[in-house]
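A.B. asks: Sharing my_file35.cif (mmCIF, C-alpha atoms) below.
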data_my_file
#
loop_
_atom_site.label_atom_id
_atom_site.label_comp_id
_atom_site.auth_asym_id
_atom_site.auth_seq_id
_atom_site.Cartn_x
_atom_site.Cartn_y
_atom_site.Cartn_z
CA ARG W 83 92.19 65.71 116.47
CA LEU W 84 91.70 63.35 113.52
CA ALA W 85 92.41 65.97 110.88
CA PHE W 86 95.51 67.21 112.69
CA ILE W 87 97.01 63.74 113.10
CA ALA W 88 96.16 62.65 109.55
CA GLU W 89 97.73 65.79 108.11
CA ARG W 90 101.00 65.08 109.94
CA CYS W 91 101.04 61.59 108.39
CA CYS W 92 100.69 62.79 104.81
CA ASP W 93 103.06 60.92 102.45
CA LYS W 94 104.87 59.22 105.37
CA VAL W 95 105.43 55.61 106.39
CA VAL W 96 103.43 55.29 109.59
CA LEU W 97 103.44 52.82 112.47
CA ASP W 98 99.89 53.03 113.88
CA LEU W 99 99.61 51.49 117.36
CA GLY W 100 96.42 50.31 119.03
CA CYS W 101 94.55 51.40 115.94
CA LEU W 102 91.51 49.11 115.51
CA ASP W 103 89.35 50.98 118.06
CA GLU W 104 87.39 47.78 118.65
CA THR W 105 84.83 49.26 121.04
CA ALA W 106 83.76 51.85 118.49
CA LEU W 107 83.62 49.88 115.26
CA ILE W 108 80.65 51.98 114.20
CA LYS W 109 83.29 54.49 113.09
CA ARG W 110 84.88 52.04 110.67
CA ASP W 111 84.67 53.07 107.02
CA SER W 112 83.75 56.62 108.03
CA ALA W 113 85.66 59.89 108.35
CA HIS W 114 85.68 59.34 112.13
CA TRP W 115 88.08 56.36 112.09
CA LEU W 116 91.63 57.60 112.65
CA HIS W 117 93.37 54.61 111.06
CA GLY W 118 91.28 55.00 107.93
CA ARG W 119 92.06 58.71 107.73
CA ILE W 120 95.77 58.01 108.03
CA ALA W 121 95.63 55.26 105.38
CA GLN W 122 94.11 57.70 102.90
CA VAL W 123 97.06 60.10 103.03
CA ALA W 124 100.11 58.10 104.17
CA ARG W 125 102.53 56.39 101.82
CA GLN W 126 102.27 53.20 103.90
CA VAL W 127 100.64 52.26 107.21
CA VAL W 128 101.70 49.38 109.47
CA GLY W 129 99.09 48.97 112.18
CA VAL W 130 99.46 46.83 115.30
CA ASP W 131 96.58 45.94 117.64
CA ALA W 132 96.01 43.08 120.08
CA SER W 133 92.24 42.87 119.55
CA ASP W 134 90.85 39.36 119.22
CA GLN W 135 88.47 40.82 116.64
CA LEU W 136 91.38 40.86 114.21
CA PRO W 137 92.03 37.74 112.12
CA PRO W 138 95.27 35.94 113.12
CA LYS W 139 96.86 37.05 109.83
CA GLY W 140 95.78 40.64 110.33
CA LEU W 141 93.46 42.89 108.38
CA ILE W 142 94.12 44.68 105.10
CA THR W 143 92.64 48.17 105.45
CA GLY W 144 93.78 49.69 102.17
CA PRO W 145 96.16 49.23 99.26
CA ASN W 146 98.94 50.63 101.43
CA ALA W 147 97.70 49.68 104.89
CA ARG W 148 97.41 46.62 107.10
CA ILE W 149 96.69 46.04 110.78
CA HIS W 150 98.73 43.18 112.27
CA ARG W 151 97.46 41.29 115.26
CA GLY W 152 100.05 41.68 117.99
CA ASP W 153 101.19 43.53 121.09
CA ALA W 154 101.55 47.25 120.33
CA THR W 155 103.70 47.70 123.45
CA ASN W 156 106.19 45.02 122.35
CA ILE W 157 106.21 45.14 118.57
CA ASN W 158 107.12 41.99 116.67
CA PRO W 159 110.18 42.90 114.56
CA VAL W 160 108.68 40.90 111.68
CA PHE W 161 106.01 43.60 111.27
CA LEU W 162 108.72 46.20 110.62
CA ASP W 163 110.99 44.05 108.45
CA GLY W 164 112.04 46.14 105.46
CA VAL W 165 109.81 49.06 106.50
CA ALA W 166 111.44 52.48 107.00
CA ILE W 167 109.15 54.06 109.61
CA ASP W 168 108.92 57.88 109.55
CA MET W 169 106.11 58.43 112.03
CA VAL W 170 104.65 56.61 115.04
CA VAL W 171 100.99 57.24 115.93
CA ALA W 172 99.33 56.19 119.19
CA GLY W 173 95.84 57.65 119.10
CA GLU W 174 93.86 57.33 122.35
CA PHE W 175 96.16 54.51 123.45
CA ILE W 176 98.39 55.32 126.44
CA GLU W 177 95.43 55.64 128.83
CA HIS W 178 94.78 51.91 128.27
CA LEU W 179 98.32 50.86 129.29
CA ASP W 180 99.49 49.71 132.71
CA ASN W 181 102.93 51.30 132.14
CA PRO W 182 102.87 54.26 129.71
CA LEU W 183 106.39 55.31 130.70
CA HIS W 184 107.82 51.92 129.75
CA PHE W 185 105.90 52.08 126.46
CA LEU W 186 107.44 55.42 125.48
CA THR W 187 110.90 54.46 126.67
CA THR W 188 110.79 51.27 124.61
CA LEU W 189 109.60 53.17 121.53
CA ARG W 190 112.51 55.58 121.89
CA GLU W 191 114.95 52.66 122.06
CA VAL W 192 113.43 50.80 119.09
CA LEU W 193 112.74 53.78 116.81
CA PRO W 194 115.06 56.62 117.91
CA GLY W 195 114.69 59.92 116.12
CA ARG W 196 111.28 59.18 114.61
CA GLU W 197 108.40 61.56 115.05
CA LEU W 198 105.76 60.47 117.55
CA ILE W 199 102.23 61.77 117.71
CA LEU W 200 99.86 60.56 120.40
CA SER W 201 96.53 61.66 121.77
CA THR W 202 94.84 60.98 125.08
CA PRO W 203 91.82 62.27 127.03
CA ASN W 204 92.29 65.03 129.58
CA GLY W 205 91.55 63.98 133.17
CA LEU W 206 90.48 67.57 133.96
CA CYS W 207 88.14 68.00 130.99
CA PHE W 208 84.96 70.04 131.38
CA GLY W 209 82.93 67.05 130.20
CA ASN W 210 84.01 65.15 133.30
CA THR W 211 82.93 68.08 135.47
CA LEU W 212 79.45 67.98 133.97
CA MET W 213 79.19 64.20 134.33
CA GLY W 214 80.43 64.43 137.92
CA MET W 215 77.36 66.51 138.75
CA ILE W 216 75.22 63.47 138.03
CA ARG W 217 77.68 61.05 139.68
CA ARG W 218 79.18 59.74 136.47
CA GLU W 219 82.44 60.04 134.54
CA VAL W 220 83.48 60.41 130.92
CA GLN W 221 85.61 57.28 131.03
CA HIS W 222 86.00 54.22 128.87
CA ARG W 223 85.75 50.99 130.84
CA ASP W 224 89.26 49.95 129.76
CA HIS W 225 91.04 53.14 130.91
CA LEU W 226 93.77 52.62 133.49
CA ALA W 227 95.07 56.19 133.76
CA ASN W 228 94.14 59.85 133.36
CA PHE W 229 96.52 62.49 132.03
CA THR W 230 96.68 66.26 132.30
CA PHE W 231 98.95 68.84 130.67
CA LYS W 232 101.44 68.62 133.53
CA THR W 233 101.49 64.83 133.82
CA LEU W 234 102.00 64.50 130.05
CA ASN W 235 104.91 66.91 130.25
CA THR W 236 106.44 64.86 133.09
CA LEU W 237 105.90 61.65 131.11
CA CYS W 238 107.78 63.08 128.12
CA GLU W 239 110.64 64.24 130.34
CA ARG W 240 111.07 60.90 132.08
CA ALA W 241 110.80 58.97 128.82
CA GLY W 242 113.81 60.93 127.55
CA LEU W 243 112.07 62.37 124.49
CA GLN W 244 114.17 64.91 122.62
CA GLU W 245 111.51 67.56 122.14
CA TRP W 246 107.74 67.76 122.40
CA GLU W 247 104.69 69.97 122.06
CA ILE W 248 101.37 69.45 123.87
CA ARG W 249 98.21 70.91 122.38
CA PRO W 250 94.54 70.54 123.40
CA TYR W 251 91.79 69.04 121.29
CA GLN W 252 88.08 69.68 121.75
CA PHE W 253 85.19 67.49 122.86
CA TYR W 254 83.56 65.23 120.33
CA ALA W 255 80.37 63.19 120.81
CA THR W 256 80.92 61.16 117.65
CA GLU W 257 79.63 57.80 118.82
CA MET W 258 76.53 59.28 120.45
CA ILE W 259 75.75 61.29 117.33
CA LEU W 260 76.26 58.30 115.05
CA ARG W 261 74.12 56.00 117.19
CA THR W 262 71.15 58.35 117.61
CA SER W 263 68.71 60.30 115.48
CA GLY W 264 66.08 62.98 115.78
CA LEU W 265 65.82 64.82 119.08
CA GLN W 266 68.53 62.74 120.78
CA ARG W 267 71.04 63.55 118.04
CA THR W 268 70.13 67.23 118.18
CA LEU W 269 70.65 67.21 121.96
CA ALA W 270 74.03 65.50 121.63
CA MET W 271 75.17 68.04 119.05
CA SER W 272 73.97 70.91 121.24
CA VAL W 273 75.87 69.61 124.28
CA GLN W 274 78.97 69.16 122.10
CA ALA W 275 78.72 72.78 120.93
CA LEU W 276 78.27 74.07 124.50
CA ILE W 277 81.28 72.17 125.81
CA ARG W 278 83.43 73.42 122.95
CA VAL W 279 82.63 77.03 123.86
CA VAL W 280 83.95 76.43 127.39
CA GLU W 281 87.02 74.64 125.99
CA ARG W 282 87.90 77.59 123.78
CA LEU W 283 87.72 79.90 126.78
CA PHE W 284 89.60 77.56 129.14
CA PRO W 285 92.03 75.29 127.20
CA LEU W 286 93.07 73.34 130.31
CA LEU W 287 89.48 72.02 130.43
CA SER W 288 89.68 70.65 126.88
CA PHE W 289 88.59 67.10 126.21
CA GLY W 290 92.08 65.81 125.50
CA TYR W 291 95.63 66.49 124.37
CA ILE W 292 97.78 65.76 121.35
CA VAL W 293 101.50 65.30 121.95
CA VAL W 294 103.90 65.77 119.04
CA ALA W 295 107.40 64.61 119.98
CA ARG W 296 110.72 63.32 118.72
CA LEU W 297 111.68 59.86 119.99
#
The structure given in the file should be rewritten as structure tokens.

C.D. replies:
Amino acid sequence: RLAFIAERCCDKVVLDLGCLDETALIKRDSAHWLHGRIAQVARQVVGVDASDQLPPKGLITGPNARIHRGDATNINPVFLDGVAIDMVVAGEFIEHLDNPLHFLTTLREVLPGRELILSTPNGLCFGNTLMGMIRREVQHRDHLANFTFKTLNTLCERAGLQEWEIRPYQFYATEMILRTSGLQRTLAMSVQALIRVVERLFPLLSFGYIVVARL
């Protein structure tokens, strides 16, 4: 997922929405932080995130990148003043919104014709099946919605996007692997490998989806 999105952003001016990933700051300054990966290859990155962990004046994340503190669903025009956006990225973001359709419709009105790339977990993922067997879910506490291949397709249709492609991405246990060591880390990596075998055989059970679209 990270490599695919970063590659699409190469040498482009990118608007990166909901990009701080405040509940997983352990990934900051590592290859597992999407915003950092994008900043390494993009010509310029304008990030927007509402996290109160951001300073009021924002956060400089590279010589060509800054995260502004603000509402990523209602972007302050000042953030885009004089910036010619090529690409909009919303990585693992729409599942946190109370109205994803309004978010996409607004983006299309504000930045028509730009390329959009978003990712979101799959509500039918095999990982959730496994967790359900022990009465748990693979869900972040801030998630408000689950998406599947069909619901993402419907969302793109109703948002009036010009064209789109939906592709699966595989399970990753990044945070668990980073936070553990020894036997626990080995177990996490083994479970990750097992789930990925199932995902390759049955793509509709993949951990999430990437949508590449034209606003």

A.B. asks: Taking all atoms listed in the file into account, produce a table as a Markdown table in which each residue of range 236-257 of chain W with an atom at most 9 Å from an atom of range 180-187 of chain W appears once, together with its shortest atom pair and the distance in Å to one decimal, ordered by chain and rising number.

C.D. replies:
| residue | atom | partner | partner_atom | distance |
| --- | --- | --- | --- | --- |
| W:Leu237 | CA | W:Leu183 | CA | 6.4 |
| W:Cys238 | CA | W:Leu186 | CA | 8.1 |
| W:Arg240 | CA | W:Leu183 | CA | 7.4 |
| W:Ala241 | CA | W:Thr187 | CA | 5.0 |
| W:Gly242 | CA | W:Thr187 | CA | 7.1 |
| W:Leu243 | CA | W:Thr187 | CA | 8.3 |

A.B. asks: Got a sec: who's within 9 Å of Leu97 in chain W, counting all atoms listed in the file, leaving out chain neighbours fewer than 2 positions off, as a PyMOL selection string?

C.D. replies: chain W and resi 95+99+126-130+162+167-172

A.B. asks: Quick one: residues within 9 Å of Leu206 in chain W, all atoms listed in the file, excluding same-chain residues fewer than 6 positions away - as a list of chain:residue names?

C.D. replies: W:Asn228, W:Phe229, W:Thr230, W:Leu286, W:Leu287, W:Ser288, W:Phe289, W:Gly290

A.B. asks: Tell me which residues the PyMOL selection byres ((chain W and resi 294) around 6) grabs here, as a ChimeraX atom specification.

C.D. replies: /W:198-199,246-247,293,295

A.B. asks: Ranking W:Arg261, W:Phe175, W:Glu197, W:Leu212 by minimum distance to Asp224 in chain W and counting only C-alpha atoms, which one comes first?

C.D. replies: W:Phe175

A.B. asks: With 4 Å of padding per side, what axis-aligned box (centre and edge lengths, Å, one decimal) covers all the listed atoms of range 120-129 of chain W? Give it as JSON.

C.D. replies:
{"center_x": 98.3, "center_y": 54.5, "center_z": 107.0, "size_x": 16.4, "size_y": 19.1, "size_z": 18.4}

A.B. asks: Work out how far CA of Asp131 in chain W is from CA of Phe86 in chain W, in Å to one decimal.

C.D. replies: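 Computing it gives 21.9 Å between the two atoms.
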
A.B. asks: As a count of residues only, please: the residues near Glu219 in chain W (cut-off 12 Å, all atoms listed in the file, same-chain neighbours under 4 positions excluded).

C.D. replies: 14

A.B. asks: Between CA of His117 in chain W and CA of Ile87 in chain W, what distance in Å does the model show, to one decimal?

C.D. replies: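 A separation of 10.0 Å between them.
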
A.B. asks: Here is a test: counting all atoms listed in the file, which residue of W:Gly144, W:Arg218, W:Leu84, W:Phe253 is nearest to Val279 in chain W?

C.D. replies: W:Phe253

A.B. asks: Between W:Gln274, W:Asn146, W:Glu239, W:Pro203, single out the one closest to Thr256 in chain W, counting only C-alpha atoms.

C.D. replies: W:Gln274

A.B. asks: Within 10 Å of His150 in chain W, counting all atoms listed in the file, which residues qualify if same-chain residues fewer than 4 places away don't, as a list in words?

C.D. replies: Leu99, Cys101, Leu102, Val128, Gly129, Val130, Asp131, Ala132, Ser133, Leu136, Pro137, Pro138, Lys139, Gly140, Leu141, Ile142, Ala154, Ile157, Asn158 and Phe161 of chain W

A.B. asks: Which residues match the PyMOL selection byres ((chain W and resi 276) around 12) in the file above, as a PyMOL selection string?

C.D. replies: chain W and resi 208-209+212+252-255+269-275+277-283
